[in-house]
Every structure is written in C-alpha cells, then in structure tokens.
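J.: Take this structure, written in structure tokens, and hold onto it; I'll ask about it next.
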Amino acid sequence: MRIDTDQLAAHLNRGLSPLYTLYGETLPPEASIDQLPGYAGSRPVRVGNAANMQVQLDVFGPVVQLIFDLVHKRVASGRANPLTDSDWNLVSEMVFAVESRWVEPDHGIWEMRGNPRHHVYSKVMCRAALDRAIAMADLLHVADRVDGWKRQREEIWNIIARARPGVRKRALSRNTSGPPPWMPPT
C-alpha cells in the first residue's frame, strides 16, 4: 500500500475531512430517501454520511501514527532517509492543527448528530499526534519546535487525567459535562 502524503497535505490545506472515497475524494452530502422503507420499516433512510460535514479532531492522531509506523518500517529496512520532507511537512501541518484546535469541541469518533462536545477520545488522539511528532522530530534533530509540543502534550494529558469518572473506575468519561475542565471559569 502506498500512502500519498502530498495528497493528504493537500486535503489538510482545504480542511481535513473524516471520510474519503477509495479515490481520495470527499463524499457527497448525506440525503434522505423518503420513498424507501429501511430495515423493518425504519425511517429515515439515508444515503451518504453526514459525518463528512462534521469536525472530528481525533483524525490527527491516527494519521501521524501511520507516518510514525512507516518511518519505523523504513528504518528497519535500512532506508537511508526514513522520514521524507513530504512526510515531515504533513506531520508539521497536523501538529499545527492540533496546537490550534485541540481545545475545540467536536463530533468525535461516534459521529454524533447535534452540537459538538468535548470528547475525551479526541483529546487522547490529539495528544498521540503530538507524542509521535516529538519522536519523529528526534530523527531530524529539530529540538526548537519540540519543547512547545512537549508542554502542550503534558497539558492535554493533565486534562485527560481529570476526565476519570471516579477513582475506583479505571476508565475515562466519553465527554466532559458542563464547561470543559481546561477553560477558566466565567
């Protein structure tokens, strides 16, 4: 499988969508077909996917993880330049998006209809994007950018750690209720 990081970067510049076709195109908008009954007569019957118009901040973590994994496979195969300029440019764009947007609410991996919320999973994936970018930056010896990323990674981790519903439960909440814990009280 060949990953075209240039094509991913082009999509990122237009706004990264959570869904793409097999040909790398964005999906058409969701539509309802009122003339057809759904399974067991359920309605509405929808074609397409409304998630295509949603904000899902969790997308950054898996993409940076994918590049991280590719770099490690290239290192294992003895490739001289395991992290290409194109790869690093995409990672940098993803991290820039994380830096500027991780505090925003989103629709999350669950693609919930309605208003965006502060999903803990999205925060975890934003932190993962930073963590993997920091590891790759070590390969390029770009310490000037990494210090800020490390501070932000720690800040996100502190927020995630506060999302536990209780000490006895070894789990995280799906989303925060009320104002997000990282926002100052009003």
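By order of appearance in the structure tokens: chains A, B, ..., then residues from 1 within every chain, and ligands from 1 in the order shown.
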Which residues are near Arg153 of chain A? Cut-off 10 Å, only C-alpha atoms, ignore same chain within fewer than 4 positions. Put them as a JSON list (two decimals) with all heavy atoms, in the first residue's frame.
T.:
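Below is the file selection.json, written as the result:
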[["chain", "number", "residue", "atom", "x", "y", "z"],
["A", 99, "GLU", "N", -2.26, 21.95, 17.66],
["A", 99, "GLU", "CA", -1.90, 23.06, 18.55],
["A", 99, "GLU", "C", -3.00, 24.12, 18.60],
["A", 99, "GLU", "O", -3.28, 24.67, 19.66],
["A", 99, "GLU", "CB", -0.61, 23.73, 18.08],
["A", 99, "GLU", "CG", 0.63, 22.91, 18.33],
["A", 99, "GLU", "CD", 1.86, 23.60, 17.78],
["A", 99, "GLU", "OE1", 1.89, 23.93, 16.58],
["A", 99, "GLU", "OE2", 2.79, 23.81, 18.58],
["A", 123, "LYS", "N", -9.27, 14.24, 22.49],
["A", 123, "LYS", "CA", -8.13, 14.83, 23.19],
["A", 123, "LYS", "C", -6.98, 13.83, 23.24],
["A", 123, "LYS", "O", -5.81, 14.19, 23.05],
["A", 123, "LYS", "CB", -8.50, 15.27, 24.60],
["A", 123, "LYS", "CG", -9.71, 16.19, 24.71],
["A", 123, "LYS", "CD", -9.68, 17.39, 23.79],
["A", 123, "LYS", "CE", -10.97, 18.19, 23.95],
["A", 123, "LYS", "NZ", -11.21, 19.08, 22.83],
["A", 124, "VAL", "N", -7.31, 12.54, 23.48],
["A", 124, "VAL", "CA", -6.28, 11.50, 23.51],
["A", 124, "VAL", "C", -5.58, 11.41, 22.15],
["A", 124, "VAL", "O", -4.35, 11.30, 22.07],
["A", 124, "VAL", "CB", -6.89, 10.13, 23.91],
["A", 124, "VAL", "CG1", -5.91, 9.00, 23.69],
["A", 124, "VAL", "CG2", -7.37, 10.16, 25.36],
["A", 126, "CYS", "N", -5.34, 13.78, 19.86],
["A", 126, "CYS", "CA", -4.54, 14.99, 19.66],
["A", 126, "CYS", "C", -3.20, 14.84, 20.40],
["A", 126, "CYS", "O", -2.14, 15.18, 19.86],
["A", 126, "CYS", "CB", -5.28, 16.23, 20.14],
["A", 126, "CYS", "SG", -6.62, 16.75, 19.05],
["A", 127, "ARG", "N", -3.25, 14.31, 21.62],
["A", 127, "ARG", "CA", -2.03, 14.07, 22.38],
["A", 127, "ARG", "C", -1.15, 13.05, 21.66],
["A", 127, "ARG", "O", 0.07, 13.20, 21.61],
["A", 127, "ARG", "CB", -2.35, 13.59, 23.79],
["A", 127, "ARG", "CG", -1.09, 13.43, 24.62],
["A", 127, "ARG", "CD", -1.35, 12.70, 25.92],
["A", 127, "ARG", "NE", -0.14, 12.61, 26.71],
["A", 127, "ARG", "CZ", 0.79, 11.69, 26.55],
["A", 127, "ARG", "NH1", 0.68, 10.78, 25.60],
["A", 127, "ARG", "NH2", 1.86, 11.68, 27.32],
["A", 128, "ALA", "N", -1.75, 12.00, 21.10],
["A", 128, "ALA", "CA", -0.99, 10.99, 20.37],
["A", 128, "ALA", "C", -0.27, 11.61, 19.17],
["A", 128, "ALA", "O", 0.88, 11.26, 18.89],
["A", 128, "ALA", "CB", -1.91, 9.86, 19.92],
["A", 129, "ALA", "N", -0.93, 12.52, 18.47],
["A", 129, "ALA", "CA", -0.30, 13.19, 17.33],
["A", 129, "ALA", "C", 0.95, 13.94, 17.79],
["A", 129, "ALA", "O", 2.01, 13.86, 17.15],
["A", 129, "ALA", "CB", -1.28, 14.13, 16.65],
["A", 130, "LEU", "N", 0.83, 14.66, 18.90],
["A", 130, "LEU", "CA", 1.99, 15.39, 19.44],
["A", 130, "LEU", "C", 3.10, 14.43, 19.86],
["A", 130, "LEU", "O", 4.27, 14.65, 19.56],
["A", 130, "LEU", "CB", 1.57, 16.25, 20.63],
["A", 130, "LEU", "CG", 0.74, 17.48, 20.31],
["A", 130, "LEU", "CD1", 0.12, 18.05, 21.58],
["A", 130, "LEU", "CD2", 1.57, 18.53, 19.60],
["A", 131, "ASP", "N", 2.72, 13.36, 20.54],
["A", 131, "ASP", "CA", 3.70, 12.40, 21.05],
["A", 131, "ASP", "C", 4.50, 11.77, 19.91],
["A", 131, "ASP", "O", 5.73, 11.68, 19.98],
["A", 131, "ASP", "CB", 2.97, 11.31, 21.86],
["A", 131, "ASP", "CG", 3.93, 10.38, 22.55],
["A", 131, "ASP", "OD1", 4.64, 10.84, 23.46],
["A", 131, "ASP", "OD2", 3.98, 9.19, 22.17],
["A", 134, "ILE", "N", 6.84, 14.31, 18.26],
["A", 134, "ILE", "CA", 8.03, 14.53, 19.08],
["A", 134, "ILE", "C", 9.06, 13.44, 18.83],
["A", 134, "ILE", "O", 10.24, 13.71, 18.66],
["A", 134, "ILE", "CB", 7.63, 14.61, 20.57],
["A", 134, "ILE", "CG1", 6.85, 15.90, 20.84],
["A", 134, "ILE", "CG2", 8.87, 14.51, 21.47],
["A", 134, "ILE", "CD1", 6.11, 15.91, 22.17],
["A", 147, "ASP", "N", 10.08, 21.52, 22.22],
["A", 147, "ASP", "CA", 9.82, 21.95, 23.60],
["A", 147, "ASP", "C", 8.37, 22.40, 23.78],
["A", 147, "ASP", "O", 7.71, 22.04, 24.75],
["A", 147, "ASP", "CB", 10.79, 23.06, 24.02],
["A", 147, "ASP", "CG", 12.20, 22.54, 24.19],
["A", 147, "ASP", "OD1", 12.37, 21.32, 24.41],
["A", 147, "ASP", "OD2", 13.14, 23.36, 24.11],
["A", 148, "GLY", "N", 7.86, 23.18, 22.86],
["A", 148, "GLY", "CA", 6.46, 23.62, 22.93],
["A", 148, "GLY", "C", 5.49, 22.46, 22.78],
["A", 148, "GLY", "O", 4.46, 22.41, 23.45],
["A", 149, "TRP", "N", 5.82, 21.51, 21.91],
["A", 149, "TRP", "CA", 4.98, 20.32, 21.72],
["A", 149, "TRP", "C", 4.94, 19.49, 23.00],
["A", 149, "TRP", "O", 3.89, 18.97, 23.36],
["A", 149, "TRP", "CB", 5.49, 19.48, 20.58],
["A", 149, "TRP", "CG", 5.40, 20.13, 19.23],
["A", 149, "TRP", "CD1", 4.78, 21.31, 18.91],
["A", 149, "TRP", "CD2", 5.95, 19.64, 18.02],
["A", 149, "TRP", "NE1", 4.92, 21.56, 17.57],
["A", 149, "TRP", "CE2", 5.63, 20.56, 17.00],
["A", 149, "TRP", "CE3", 6.69, 18.51, 17.68],
["A", 149, "TRP", "CZ2", 6.01, 20.38, 15.68],
["A", 149, "TRP", "CZ3", 7.07, 18.32, 16.37],
["A", 149, "TRP", "CH2", 6.73, 19.25, 15.37],
["A", 157, "TRP", "N", -2.48, 15.87, 28.51],
["A", 157, "TRP", "CA", -2.52, 14.71, 29.39],
["A", 157, "TRP", "C", -3.16, 15.07, 30.73],
["A", 157, "TRP", "O", -3.95, 14.29, 31.28],
["A", 157, "TRP", "CB", -1.13, 14.13, 29.61],
["A", 157, "TRP", "CG", -1.20, 12.97, 30.55],
["A", 157, "TRP", "CD1", -0.73, 12.90, 31.82],
["A", 157, "TRP", "CD2", -1.82, 11.71, 30.29],
["A", 157, "TRP", "NE1", -1.01, 11.68, 32.37],
["A", 157, "TRP", "CE2", -1.69, 10.93, 31.45],
["A", 157, "TRP", "CE3", -2.49, 11.17, 29.19],
["A", 157, "TRP", "CZ2", -2.19, 9.63, 31.54],
["A", 157, "TRP", "CZ3", -2.99, 9.87, 29.29],
["A", 157, "TRP", "CH2", -2.84, 9.12, 30.44],
["A", 158, "ASN", "N", -2.86, 16.22, 31.28],
["A", 158, "ASN", "CA", -3.45, 16.64, 32.55],
["A", 158, "ASN", "C", -4.97, 16.77, 32.43],
["A", 158, "ASN", "O", -5.70, 16.44, 33.36],
["A", 158, "ASN", "CB", -2.82, 17.94, 33.03],
["A", 158, "ASN", "CG", -1.39, 17.75, 33.48],
["A", 158, "ASN", "OD1", -0.99, 16.65, 33.88],
["A", 158, "ASN", "ND2", -0.59, 18.80, 33.39]]
J.: Segment 15-113 of chain A: which residues are strand (DSSP E or B) by DSSP, as a PDB file with C-alpha atoms, in the first residue's frame?
T.:
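Okay, part.pdb is ready:
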ATOM      1  CA  ALA A  31     -29.523  12.705   1.691  1.00  0.00           C
ATOM      2  CA  SER A  32     -32.769  11.083   2.818  1.00  0.00           C
ATOM      3  CA  ARG A  46     -30.241   7.901   4.459  1.00  0.00           C
ATOM      4  CA  VAL A  47     -27.558   7.623   1.793  1.00  0.00           C
ATOM      5  CA  ASP A 106     -16.010  18.184  18.022  1.00  0.00           C
TER       6      ASP A 106
END
J.: Skip Phe60 of chain A itself and residues of its chain fewer than 6 positions away, then list as a short mmCIF file (atom, residue, chain, number, x, y, z; two decimals) with all heavy atoms, in the first residue's frame all residues within 12 Å of it, counting only C-alpha atoms.
T.:
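This is the output file part_36.cif:
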data_model
loop_
_atom_site.label_atom_id
_atom_site.label_comp_id
_atom_site.auth_asym_id
_atom_site.auth_seq_id
_atom_site.Cartn_x
_atom_site.Cartn_y
_atom_site.Cartn_z
N LEU A 8 -2.56 13.87 1.08
CA LEU A 8 -3.10 14.14 2.42
C LEU A 8 -2.86 15.59 2.81
O LEU A 8 -3.74 16.25 3.36
CB LEU A 8 -2.44 13.22 3.45
CG LEU A 8 -3.02 11.83 3.58
CD1 LEU A 8 -2.14 11.00 4.50
CD2 LEU A 8 -4.44 11.86 4.09
N ALA A 9 -1.69 16.12 2.50
CA ALA A 9 -1.38 17.52 2.83
C ALA A 9 -2.29 18.47 2.06
O ALA A 9 -2.74 19.48 2.59
CB ALA A 9 0.09 17.82 2.54
N LEU A 12 -5.51 18.52 3.79
CA LEU A 12 -5.38 19.24 5.05
C LEU A 12 -5.48 20.74 4.81
O LEU A 12 -6.11 21.46 5.57
CB LEU A 12 -4.06 18.89 5.74
CG LEU A 12 -3.84 19.49 7.11
CD1 LEU A 12 -4.91 18.99 8.09
CD2 LEU A 12 -2.46 19.15 7.64
N GLY A 15 -8.97 21.62 4.44
CA GLY A 15 -9.76 21.19 5.60
C GLY A 15 -9.89 19.69 5.58
O GLY A 15 -10.50 19.14 4.67
N LEU A 16 -9.30 19.04 6.52
CA LEU A 16 -9.29 17.59 6.57
C LEU A 16 -10.69 17.06 6.87
O LEU A 16 -11.33 17.49 7.82
CB LEU A 16 -8.30 17.11 7.63
CG LEU A 16 -7.94 15.64 7.62
CD1 LEU A 16 -7.29 15.25 6.30
CD2 LEU A 16 -7.01 15.33 8.77
N SER A 17 -11.16 16.16 6.05
CA SER A 17 -12.47 15.55 6.23
C SER A 17 -12.29 14.22 6.95
O SER A 17 -11.27 13.55 6.78
CB SER A 17 -13.10 15.31 4.85
OG SER A 17 -14.30 14.60 4.96
N PRO A 18 -13.28 13.78 7.72
CA PRO A 18 -13.14 12.49 8.39
C PRO A 18 -13.30 11.31 7.44
O PRO A 18 -12.89 10.20 7.77
CB PRO A 18 -14.25 12.48 9.44
CG PRO A 18 -15.06 13.69 9.23
CD PRO A 18 -14.44 14.53 8.19
N LEU A 66 0.33 6.70 11.64
CA LEU A 66 0.63 5.98 10.39
C LEU A 66 2.00 6.37 9.85
O LEU A 66 2.81 5.50 9.48
CB LEU A 66 -0.46 6.26 9.35
CG LEU A 66 -0.20 5.71 7.95
CD1 LEU A 66 -0.24 4.20 7.95
CD2 LEU A 66 -1.21 6.28 6.98
N ILE A 67 2.29 7.65 9.83
CA ILE A 67 3.59 8.11 9.34
C ILE A 67 4.70 7.63 10.28
O ILE A 67 5.76 7.19 9.83
CB ILE A 67 3.61 9.64 9.16
CG1 ILE A 67 2.61 10.02 8.05
CG2 ILE A 67 5.00 10.14 8.82
CD1 ILE A 67 2.35 11.50 7.93
N LEU A 90 3.73 17.06 6.29
CA LEU A 90 2.38 16.65 6.68
C LEU A 90 2.26 16.56 8.20
O LEU A 90 1.30 17.06 8.78
CB LEU A 90 2.01 15.31 6.04
CG LEU A 90 0.63 14.78 6.42
CD1 LEU A 90 -0.48 15.74 6.05
CD2 LEU A 90 0.41 13.42 5.78
N VAL A 91 3.25 15.95 8.85
CA VAL A 91 3.24 15.86 10.31
C VAL A 91 3.20 17.26 10.92
O VAL A 91 2.43 17.53 11.84
CB VAL A 91 4.45 15.05 10.83
CG1 VAL A 91 4.62 15.20 12.33
CG2 VAL A 91 4.32 13.59 10.44
N SER A 92 4.00 18.15 10.40
CA SER A 92 4.04 19.54 10.91
C SER A 92 2.69 20.22 10.76
O SER A 92 2.24 20.93 11.67
CB SER A 92 5.12 20.34 10.20
OG SER A 92 6.39 19.80 10.47
N GLU A 93 2.03 20.02 9.62
CA GLU A 93 0.70 20.60 9.40
C GLU A 93 -0.31 20.02 10.38
O GLU A 93 -1.15 20.74 10.93
CB GLU A 93 0.23 20.35 7.96
CG GLU A 93 1.00 21.14 6.92
CD GLU A 93 0.69 22.62 6.97
OE1 GLU A 93 -0.46 23.00 7.32
OE2 GLU A 93 1.58 23.42 6.68
N MET A 94 -0.22 18.71 10.61
CA MET A 94 -1.14 18.06 11.55
C MET A 94 -0.91 18.60 12.96
O MET A 94 -1.87 18.89 13.69
CB MET A 94 -0.93 16.54 11.55
CG MET A 94 -1.29 15.88 10.26
SD MET A 94 -3.00 15.38 10.34
CE MET A 94 -3.23 14.77 8.70
N VAL A 95 0.33 18.73 13.36
CA VAL A 95 0.64 19.24 14.69
C VAL A 95 0.20 20.69 14.83
O VAL A 95 -0.34 21.08 15.88
CB VAL A 95 2.13 19.05 15.03
CG1 VAL A 95 2.52 19.79 16.30
CG2 VAL A 95 2.45 17.57 15.17
N PHE A 96 0.37 21.47 13.79
CA PHE A 96 -0.11 22.86 13.82
C PHE A 96 -1.62 22.89 14.05
O PHE A 96 -2.13 23.68 14.85
CB PHE A 96 0.25 23.59 12.53
CG PHE A 96 -0.28 24.99 12.48
CD1 PHE A 96 0.32 26.00 13.22
CD2 PHE A 96 -1.40 25.29 11.72
CE1 PHE A 96 -0.19 27.29 13.20
CE2 PHE A 96 -1.91 26.58 11.69
CZ PHE A 96 -1.30 27.58 12.44
N ALA A 97 -2.34 22.01 13.35
CA ALA A 97 -3.79 21.93 13.53
C ALA A 97 -4.14 21.52 14.96
O ALA A 97 -5.05 22.08 15.57
CB ALA A 97 -4.40 20.96 12.53
N VAL A 98 -3.41 20.55 15.50
CA VAL A 98 -3.65 20.11 16.88
C VAL A 98 -3.38 21.26 17.84
O VAL A 98 -4.18 21.53 18.75
CB VAL A 98 -2.79 18.88 17.24
CG1 VAL A 98 -2.76 18.63 18.74
CG2 VAL A 98 -3.29 17.65 16.49
N GLU A 99 -2.26 21.95 17.66
CA GLU A 99 -1.90 23.06 18.55
C GLU A 99 -3.00 24.12 18.60
O GLU A 99 -3.28 24.67 19.66
CB GLU A 99 -0.61 23.73 18.08
CG GLU A 99 0.63 22.91 18.33
CD GLU A 99 1.86 23.60 17.78
OE1 GLU A 99 1.89 23.93 16.58
OE2 GLU A 99 2.79 23.81 18.58
N ARG A 101 -6.28 23.73 17.61
CA ARG A 101 -7.68 23.32 17.67
C ARG A 101 -8.04 22.32 18.76
O ARG A 101 -9.21 22.03 18.95
CB ARG A 101 -8.09 22.73 16.31
CG ARG A 101 -7.94 23.74 15.18
CD ARG A 101 -8.57 23.27 13.93
NE ARG A 101 -10.02 23.21 14.11
CZ ARG A 101 -10.84 22.66 13.22
NH1 ARG A 101 -10.37 22.13 12.13
NH2 ARG A 101 -12.14 22.63 13.45
N TRP A 102 -7.09 21.77 19.49
CA TRP A 102 -7.42 20.69 20.43
C TRP A 102 -8.40 21.12 21.51
O TRP A 102 -9.10 20.27 22.07
CB TRP A 102 -6.15 20.09 21.04
CG TRP A 102 -5.50 20.91 22.12
CD1 TRP A 102 -4.53 21.85 21.96
CD2 TRP A 102 -5.78 20.85 23.52
NE1 TRP A 102 -4.19 22.39 23.17
CE2 TRP A 102 -4.94 21.78 24.16
CE3 TRP A 102 -6.65 20.11 24.31
CZ2 TRP A 102 -4.95 22.00 25.53
CZ3 TRP A 102 -6.66 20.32 25.68
CH2 TRP A 102 -5.81 21.25 26.27
N GLY A 108 -16.59 13.94 17.43
CA GLY A 108 -15.99 12.71 17.93
C GLY A 108 -16.09 11.53 16.99
O GLY A 108 -16.75 11.58 15.94
N ILE A 109 -15.45 10.47 17.38
CA ILE A 109 -15.42 9.24 16.59
C ILE A 109 -16.82 8.64 16.46
O ILE A 109 -17.10 7.88 15.55
CB ILE A 109 -14.41 8.24 17.18
CG1 ILE A 109 -14.11 7.12 16.21
CG2 ILE A 109 -14.90 7.72 18.53
CD1 ILE A 109 -12.98 6.23 16.63
N TYR A 121 -11.79 11.08 23.87
CA TYR A 121 -11.04 10.32 22.86
C TYR A 121 -10.35 11.26 21.87
O TYR A 121 -9.20 11.02 21.48
CB TYR A 121 -11.97 9.35 22.12
CG TYR A 121 -11.26 8.56 21.06
CD1 TYR A 121 -10.48 7.47 21.39
CD2 TYR A 121 -11.36 8.92 19.72
CE1 TYR A 121 -9.81 6.74 20.42
CE2 TYR A 121 -10.70 8.20 18.74
CZ TYR A 121 -9.94 7.11 19.09
OH TYR A 121 -9.27 6.40 18.13
N SER A 122 -11.02 12.32 21.49
CA SER A 122 -10.41 13.29 20.56
C SER A 122 -9.19 13.94 21.20
O SER A 122 -8.17 14.15 20.52
CB SER A 122 -11.43 14.36 20.16
OG SER A 122 -12.51 13.77 19.47
N LYS A 123 -9.27 14.24 22.49
CA LYS A 123 -8.13 14.83 23.19
C LYS A 123 -6.98 13.83 23.24
O LYS A 123 -5.81 14.19 23.05
CB LYS A 123 -8.50 15.27 24.60
CG LYS A 123 -9.71 16.19 24.71
CD LYS A 123 -9.68 17.39 23.79
CE LYS A 123 -10.97 18.19 23.95
NZ LYS A 123 -11.21 19.08 22.83
N VAL A 124 -7.31 12.54 23.48
CA VAL A 124 -6.28 11.50 23.51
C VAL A 124 -5.58 11.41 22.15
O VAL A 124 -4.35 11.30 22.07
CB VAL A 124 -6.89 10.13 23.91
CG1 VAL A 124 -5.91 9.00 23.69
CG2 VAL A 124 -7.37 10.16 25.36
N MET A 125 -6.35 11.48 21.07
CA MET A 125 -5.74 11.37 19.74
C MET A 125 -4.93 12.62 19.39
O MET A 125 -3.91 12.52 18.70
CB MET A 125 -6.82 11.12 18.68
CG MET A 125 -7.43 9.72 18.75
SD MET A 125 -6.22 8.42 18.37
CE MET A 125 -5.81 7.84 20.00
N CYS A 126 -5.34 13.78 19.86
CA CYS A 126 -4.54 14.99 19.66
C CYS A 126 -3.20 14.84 20.40
O CYS A 126 -2.14 15.18 19.86
CB CYS A 126 -5.28 16.23 20.14
SG CYS A 126 -6.62 16.75 19.05
N ARG A 127 -3.25 14.31 21.62
CA ARG A 127 -2.03 14.07 22.38
C ARG A 127 -1.15 13.05 21.66
O ARG A 127 0.07 13.20 21.61
CB ARG A 127 -2.35 13.59 23.79
CG ARG A 127 -1.09 13.43 24.62
CD ARG A 127 -1.35 12.70 25.92
NE ARG A 127 -0.14 12.61 26.71
CZ ARG A 127 0.79 11.69 26.55
NH1 ARG A 127 0.68 10.78 25.60
NH2 ARG A 127 1.86 11.68 27.32
N ALA A 128 -1.75 12.00 21.10
CA ALA A 128 -0.99 10.99 20.37
C ALA A 128 -0.27 11.61 19.17
O ALA A 128 0.88 11.26 18.89
CB ALA A 128 -1.91 9.86 19.92
N ALA A 129 -0.93 12.52 18.47
CA ALA A 129 -0.30 13.19 17.33
C ALA A 129 0.95 13.94 17.79
O ALA A 129 2.01 13.86 17.15
CB ALA A 129 -1.28 14.13 16.65
N LEU A 130 0.83 14.66 18.90
CA LEU A 130 1.99 15.39 19.44
C LEU A 130 3.10 14.43 19.86
O LEU A 130 4.27 14.65 19.56
CB LEU A 130 1.57 16.25 20.63
CG LEU A 130 0.74 17.48 20.31
CD1 LEU A 130 0.12 18.05 21.58
CD2 LEU A 130 1.57 18.53 19.60
N ASP A 131 2.72 13.36 20.54
CA ASP A 131 3.70 12.40 21.05
C ASP A 131 4.50 11.77 19.91
O ASP A 131 5.73 11.68 19.98
CB ASP A 131 2.97 11.31 21.86
CG ASP A 131 3.93 10.38 22.55
OD1 ASP A 131 4.64 10.84 23.46
OD2 ASP A 131 3.98 9.19 22.17
N ARG A 132 3.82 11.35 18.86
CA ARG A 132 4.52 10.72 17.72
C ARG A 132 5.36 11.73 16.95
O ARG A 132 6.43 11.42 16.46
CB ARG A 132 3.53 10.02 16.80
CG ARG A 132 2.74 8.90 17.44
CD ARG A 132 3.66 7.89 18.13
NE ARG A 132 2.90 6.81 18.71
CZ ARG A 132 2.56 6.72 19.99
NH1 ARG A 132 2.89 7.68 20.84
NH2 ARG A 132 1.88 5.69 20.43
N ALA A 133 4.86 12.96 16.84
CA ALA A 133 5.63 14.01 16.17
C ALA A 133 6.92 14.30 16.93
O ALA A 133 7.98 14.51 16.33
CB ALA A 133 4.78 15.27 16.02
#
J.: Find the distance between atom CA of Trp110 of chain A and atom CA of Glu30 of chain A and write it in Å to one decimal.
T.: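 Taking atom CA of Trp110 of chain A as the start and atom CA of Glu30 of chain A as the end point, the length is 16.5 Å.
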J.: Can you tell me, as a PyMOL selection string, which residues in segment 9-105 of chain A count as helix (DSSP H, G or I) by DSSP?
T.: chain A and resi 9-14+39-41+50-53+57-76+85-101
J.: Give the answer as one residue: which of A:Arg43, A:Arg151, A:Arg162, A:Arg74 has the shortest atom-to-atom distance to Val120 of chain A, using only C-alpha atoms?
T.: A:Arg162
J.: For each of A:Trp88, A:Gln56, A:Ser42, A:Asn115, take the minimum atom-to-atom distance to Leu70 of chain A, counting only C-alpha atoms, then give the residue where this is smallest.
T.: A:Trp88
J.: Could you tell me how far atom CA of Gly38 of chain A lies from atom CA of Ala50 of chain A, in Å and to one decimal?
T.: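 Atom-to-atom, atom CA of Gly38 of chain A and atom CA of Ala50 of chain A are spaced 17.4 Å apart.
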J.: In Å, how far is it from atom CA of Leu22 of chain A to atom CA of Asn49 of chain A?
T.: 14.8 Å
